[in-house]
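J.: What follows is run_18.pdb, PDB, C-alpha atoms.
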MODEL        1
ATOM      1  CA  MET Y   1       7.929 -13.912  36.543
ATOM      2  CA  ASP Y   2       5.075 -15.657  38.371
ATOM      3  CA  PHE Y   3       6.176 -18.953  36.852
ATOM      4  CA  VAL Y   4       9.737 -18.440  38.107
ATOM      5  CA  LEU Y   5       8.517 -17.547  41.598
ATOM      6  CA  LEU Y   6       6.131 -20.501  41.807
ATOM      7  CA  THR Y   7       8.715 -22.936  40.471
ATOM      8  CA  THR Y   8      11.284 -21.613  42.922
ATOM      9  CA  ALA Y   9       8.826 -21.905  45.808
ATOM     10  CA  VAL Y  10       8.140 -25.545  44.968
ATOM     11  CA  GLU Y  11      11.831 -26.306  44.458
ATOM     12  CA  VAL Y  12      13.039 -24.728  47.727
ATOM     13  CA  ALA Y  13       9.932 -25.517  49.795
ATOM     14  CA  PRO Y  14      11.670 -27.302  52.680
ATOM     15  CA  ARG Y  15      14.432 -24.666  52.718
ATOM     16  CA  TRP Y  16      12.385 -21.540  52.104
ATOM     17  CA  ARG Y  17      13.334 -20.048  55.481
ATOM     18  CA  GLU Y  18      16.999 -20.105  54.518
ATOM     19  CA  LEU Y  19      16.194 -18.400  51.216
ATOM     20  CA  ALA Y  20      14.072 -15.771  52.996
ATOM     21  CA  GLU Y  21      17.000 -15.030  55.288
ATOM     22  CA  LYS Y  22      19.395 -14.684  52.339
ATOM     23  CA  LEU Y  23      17.063 -12.455  50.322
ATOM     24  CA  ALA Y  24      15.507 -10.202  52.932
ATOM     25  CA  HIS Y  25      16.864 -10.968  56.429
ATOM     26  CA  VAL Y  26      13.375 -12.072  57.472
ATOM     27  CA  SER Y  27      12.887 -12.541  61.216
ATOM     28  CA  LYS Y  28      11.590 -15.737  62.789
ATOM     29  CA  GLN Y  29       8.306 -13.982  63.625
ATOM     30  CA  GLN Y  30       7.870 -12.912  60.006
ATOM     31  CA  MET Y  31       8.546 -16.469  58.822
ATOM     32  CA  GLU Y  32       5.956 -17.800  61.230
ATOM     33  CA  ALA Y  33       3.477 -15.223  59.943
ATOM     34  CA  TYR Y  34       3.969 -16.513  56.386
ATOM     35  CA  GLU Y  35       3.357 -20.065  57.621
ATOM     36  CA  ALA Y  36       0.358 -19.277  59.872
ATOM     37  CA  PRO Y  37      -2.370 -19.417  57.179
ATOM     38  CA  HIS Y  38      -1.095 -22.803  56.027
ATOM     39  CA  ARG Y  39      -0.965 -24.586  59.402
ATOM     40  CA  ASP Y  40      -3.202 -27.584  59.947
ATOM     41  CA  LYS Y  41      -5.302 -28.315  63.038
ATOM     42  CA  THR Y  42      -2.221 -29.449  64.962
ATOM     43  CA  GLY Y  43      -0.412 -26.199  64.175
ATOM     44  CA  MET Y  44       2.055 -27.735  61.719
ATOM     45  CA  VAL Y  45       2.682 -26.967  58.068
ATOM     46  CA  ASP Y  46       2.658 -30.216  56.111
ATOM     47  CA  SER Y  47       5.914 -30.791  54.242
ATOM     48  CA  GLU Y  48       3.953 -31.097  50.987
ATOM     49  CA  ALA Y  49       2.387 -27.674  51.609
ATOM     50  CA  MET Y  50       5.620 -25.876  52.516
ATOM     51  CA  TRP Y  51       5.723 -24.330  49.037
ATOM     52  CA  LYS Y  52       2.751 -22.145  49.997
ATOM     53  CA  PRO Y  53       4.509 -19.952  52.585
ATOM     54  CA  ALA Y  54       7.544 -19.932  50.289
ATOM     55  CA  TYR Y  55       5.406 -18.608  47.439
ATOM     56  CA  ASP Y  56       3.726 -16.043  49.715
ATOM     57  CA  PHE Y  57       7.139 -14.792  50.787
ATOM     58  CA  LEU Y  58       8.506 -14.673  47.228
ATOM     59  CA  LEU Y  59       5.497 -12.701  45.969
ATOM     60  CA  THR Y  60       5.848 -10.154  48.770
ATOM     61  CA  TRP Y  61       9.615  -9.949  48.321
ATOM     62  CA  ALA Y  62       9.345  -9.551  44.522
ATOM     63  CA  ALA Y  63       6.823  -6.722  44.928
ATOM     64  CA  GLN Y  64       9.354  -4.879  47.090
ATOM     65  CA  ILE Y  65      12.077  -5.298  44.452
ATOM     66  CA  GLY Y  66       9.908  -3.561  41.862
ATOM     67  CA  ASP Y  67       8.401  -4.119  38.446
ATOM     68  CA  SER Y  68      11.575  -5.185  36.681
ATOM     69  CA  TYR Y  69      11.372  -8.938  36.137
ATOM     70  CA  ARG Y  70      15.068  -8.842  35.260
ATOM     71  CA  ASP Y  71      15.980  -7.397  38.679
ATOM     72  CA  VAL Y  72      13.735  -9.830  40.536
ATOM     73  CA  ILE Y  73      15.125 -12.888  38.773
ATOM     74  CA  HIS Y  74      18.694 -11.647  39.152
ATOM     75  CA  GLU Y  75      18.281 -11.017  42.899
ATOM     76  CA  LEU Y  76      16.555 -14.385  43.295
ATOM     77  CA  HIS Y  77      19.406 -16.139  41.522
ATOM     78  CA  MET Y  78      21.950 -14.366  43.748
ATOM     79  CA  GLY Y  79      20.010 -15.367  46.877
ATOM     80  CA  LEU Y  80      19.806 -18.971  45.763
ATOM     81  CA  ASP Y  81      23.549 -19.011  45.118
ATOM     82  CA  ARG Y  82      24.200 -17.777  48.682
ATOM     83  CA  MET Y  83      22.333 -20.717  50.239
ATOM     84  CA  LYS Y  84      24.212 -23.643  51.747
ATOM     85  CA  ASN Y  85      24.423 -26.305  49.043
ATOM     86  CA  PRO Y  86      22.838 -23.986  46.461
ATOM     87  CA  ILE Y  87      20.117 -25.561  44.374
ATOM     88  CA  THR Y  88      21.361 -23.610  41.382
ATOM     89  CA  LYS Y  89      24.178 -26.157  41.053
ATOM     90  CA  ARG Y  90      21.703 -28.857  40.052
ATOM     91  CA  TRP Y  91      18.750 -26.737  39.003
ATOM     92  CA  LYS Y  92      19.791 -25.066  35.765
ATOM     93  CA  HIS Y  93      16.292 -23.833  34.825
ATOM     94  CA  LEU Y  94      16.624 -20.608  36.781
ATOM     95  CA  THR Y  95      20.058 -19.909  35.333
ATOM     96  CA  GLY Y  96      18.638 -20.436  31.845
ATOM     97  CA  THR Y  97      15.726 -18.159  32.632
ATOM     98  CA  LEU Y  98      18.092 -15.452  33.832
ATOM     99  CA  ILE Y  99      20.085 -15.685  30.604
ATOM    100  CA  LEU Y 100      16.890 -15.522  28.547
ATOM    101  CA  VAL Y 101      15.572 -12.534  30.481
ATOM    102  CA  ASN Y 102      18.842 -10.686  30.040
ATOM    103  CA  CYS Y 103      18.682 -11.319  26.283
ATOM    104  CA  LEU Y 104      14.951 -10.631  25.936
ATOM    105  CA  ASP Y 105      15.222  -6.925  25.218
ATOM    106  CA  LEU Y 106      17.813  -7.572  22.521
ATOM    107  CA  LEU Y 107      15.666 -10.329  21.029
ATOM    108  CA  ARG Y 108      12.612  -8.057  21.026
ATOM    109  CA  SER Y 109      14.409  -5.185  19.359
ATOM    110  CA  SER Y 110      15.912  -7.479  16.719
ATOM    111  CA  ALA Y 111      12.651  -9.256  15.988
ATOM    112  CA  PHE Y 112      10.550  -6.129  15.613
ATOM    113  CA  SER Y 113      12.940  -3.592  14.158
ATOM    114  CA  PRO Y 114      12.140  -2.431  10.632
ATOM    115  CA  ALA Y 115      14.737  -3.706   8.177
ATOM    116  CA  PRO Y 116      15.923  -1.352   5.443
ATOM    117  CA  GLN Y 117      14.323  -2.114   2.067
ATOM    118  CA  ASP Y 118      17.649  -2.591   0.284
ATOM    119  CA  ASP Y 119      19.049  -5.032   2.907
ATOM    120  CA  PHE Y 120      18.535  -8.448   1.315
ATOM    121  CA  ALA Y 121      19.919 -11.702   2.668
ATOM    122  CA  ILE Y 122      21.802 -13.857   0.209
TER     123      ILE Y 122
ENDMDL
END
Kindly transcribe the structure held in the file into structure tokens.

T.:
Amino acid sequence: MDFVLLTTAVEVAPRWRELAEKLAHVSKQQMEAYEAPHRDKTGMVDSEAMWKPAYDFLLTWAAQIGDSYRDVIHELHMGLDRMKNPITKRWKHLTGTLILVNCLDLLRSSAFSPAPQDDFAI
């Protein structure tokens, strides 16, 4: 899940405020609080460092969703789809991850379930 959150933060860095609004209705003051530790001496957040407040927000938001990586990734995907010009149209990695996560439990149970002794493949 950390990989998905970090990758998303880097991908949406310049638009993280829009994503924060879609996911959690974050106020302008809250957004500024996420950016405050990353401001330079002039009080600006460098465009190359904008992923940092995005990642901080996503970590906090994901912790509020709970421990289910499936729920977090699903909600993240829904939030990304609600953005103007959604990045999910051109960024298929997250969609693929969501599909994998939804199949993971089935894959785990199939891979580690004991097969009956008389069930032989031909």

J.: Smallest atom-to-atom distance to Y:Pro53: which of Y:Lys41, Y:Asp81, Y:Val72, Y:Val12, using all atoms listed in the file?

T.: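 Residue with the minimum atom-to-atom distance to Y:Pro53: Y:Val12.
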
J.: As an exercise, work out the distance from atom CA of Y:Ser109 to atom CA of Y:Thr8 in Å and give it to one decimal place.

T.: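 These atoms are spaced 28.9 Å apart.
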
J.: Y:Asp71, Y:Asp56, Y:Glu21, Y:Glu48: which is nearest Y:Leu5, counting only C-alpha atoms?

T.: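 Of all the options, Y:Asp56 lies closest to Y:Leu5.
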
J.: Just say which residues the PyMOL selection byres ((chain Y and resi 26-40) around 8) picks in this file, as a ChimeraX atom specification.

T.: /Y:17,20-21,24-25,41-46,49,52-54,56-57

J.: Nearest to Y:Leu104 among Y:Arg82, Y:Leu23, Y:Ala63, Y:Arg70, with distances taken over only C-alpha atoms: which residue is it?

T.: Y:Arg70

J.: So which residues get picked by the PyMOL selection byres ((chain Y and resi 4) around 12) here, written as a PDB file with C-alpha atoms, keeping the file's coordinate frame?

T.:
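Just written: result_28.pdb:
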ATOM      1  CA  MET Y   1       7.929 -13.912  36.543  1.00  0.00           C
ATOM      2  CA  ASP Y   2       5.075 -15.657  38.371  1.00  0.00           C
ATOM      3  CA  PHE Y   3       6.176 -18.953  36.852  1.00  0.00           C
ATOM      4  CA  LEU Y   5       8.517 -17.547  41.598  1.00  0.00           C
ATOM      5  CA  LEU Y   6       6.131 -20.501  41.807  1.00  0.00           C
ATOM      6  CA  THR Y   7       8.715 -22.936  40.471  1.00  0.00           C
ATOM      7  CA  THR Y   8      11.284 -21.613  42.922  1.00  0.00           C
ATOM      8  CA  ALA Y   9       8.826 -21.905  45.808  1.00  0.00           C
ATOM      9  CA  VAL Y  10       8.140 -25.545  44.968  1.00  0.00           C
ATOM     10  CA  GLU Y  11      11.831 -26.306  44.458  1.00  0.00           C
ATOM     11  CA  VAL Y  12      13.039 -24.728  47.727  1.00  0.00           C
ATOM     12  CA  TYR Y  55       5.406 -18.608  47.439  1.00  0.00           C
ATOM     13  CA  LEU Y  58       8.506 -14.673  47.228  1.00  0.00           C
ATOM     14  CA  LEU Y  59       5.497 -12.701  45.969  1.00  0.00           C
ATOM     15  CA  ALA Y  62       9.345  -9.551  44.522  1.00  0.00           C
ATOM     16  CA  TYR Y  69      11.372  -8.938  36.137  1.00  0.00           C
ATOM     17  CA  ARG Y  70      15.068  -8.842  35.260  1.00  0.00           C
ATOM     18  CA  VAL Y  72      13.735  -9.830  40.536  1.00  0.00           C
ATOM     19  CA  ILE Y  73      15.125 -12.888  38.773  1.00  0.00           C
ATOM     20  CA  HIS Y  74      18.694 -11.647  39.152  1.00  0.00           C
ATOM     21  CA  LEU Y  76      16.555 -14.385  43.295  1.00  0.00           C
ATOM     22  CA  HIS Y  77      19.406 -16.139  41.522  1.00  0.00           C
ATOM     23  CA  HIS Y  93      16.292 -23.833  34.825  1.00  0.00           C
ATOM     24  CA  LEU Y  94      16.624 -20.608  36.781  1.00  0.00           C
ATOM     25  CA  THR Y  95      20.058 -19.909  35.333  1.00  0.00           C
ATOM     26  CA  GLY Y  96      18.638 -20.436  31.845  1.00  0.00           C
ATOM     27  CA  THR Y  97      15.726 -18.159  32.632  1.00  0.00           C
ATOM     28  CA  LEU Y  98      18.092 -15.452  33.832  1.00  0.00           C
ATOM     29  CA  VAL Y 101      15.572 -12.534  30.481  1.00  0.00           C
TER      30      VAL Y 101
END

J.: Go ahead and compute the interatomic distance for atom CA of Y:Ser47 and atom CA of Y:Glu18, in Å to one decimal.

T.: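 Atom CA of Y:Ser47 sits 15.4 Å away from atom CA of Y:Glu18.
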
J.: Suppose you want the space between atom CA of Y:Leu19 and atom CA of Y:Ile65; what is it in Å?

T.: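 It comes out at 15.3 Å.
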
J.: With 6 Å added on each side, what axis-aligned box encloses every listed atom of stretch 21-30 of chain Y? Give the centre and edge lengths in Å to one decimal, as AutoDock Vina command-line options.

T.:
--center_x 13.6 --center_y -13.0 --center_z 57.0 --size_x 23.5 --size_y 17.5 --size_z 25.3

J.: Compare Y:Trp51, Y:Lys22, Y:Trp61, Y:Ala111 by their minimum atom-to-atom distance to Y:Met78, counting all atoms listed in the file, and give me the closest one.

T.: Y:Lys22
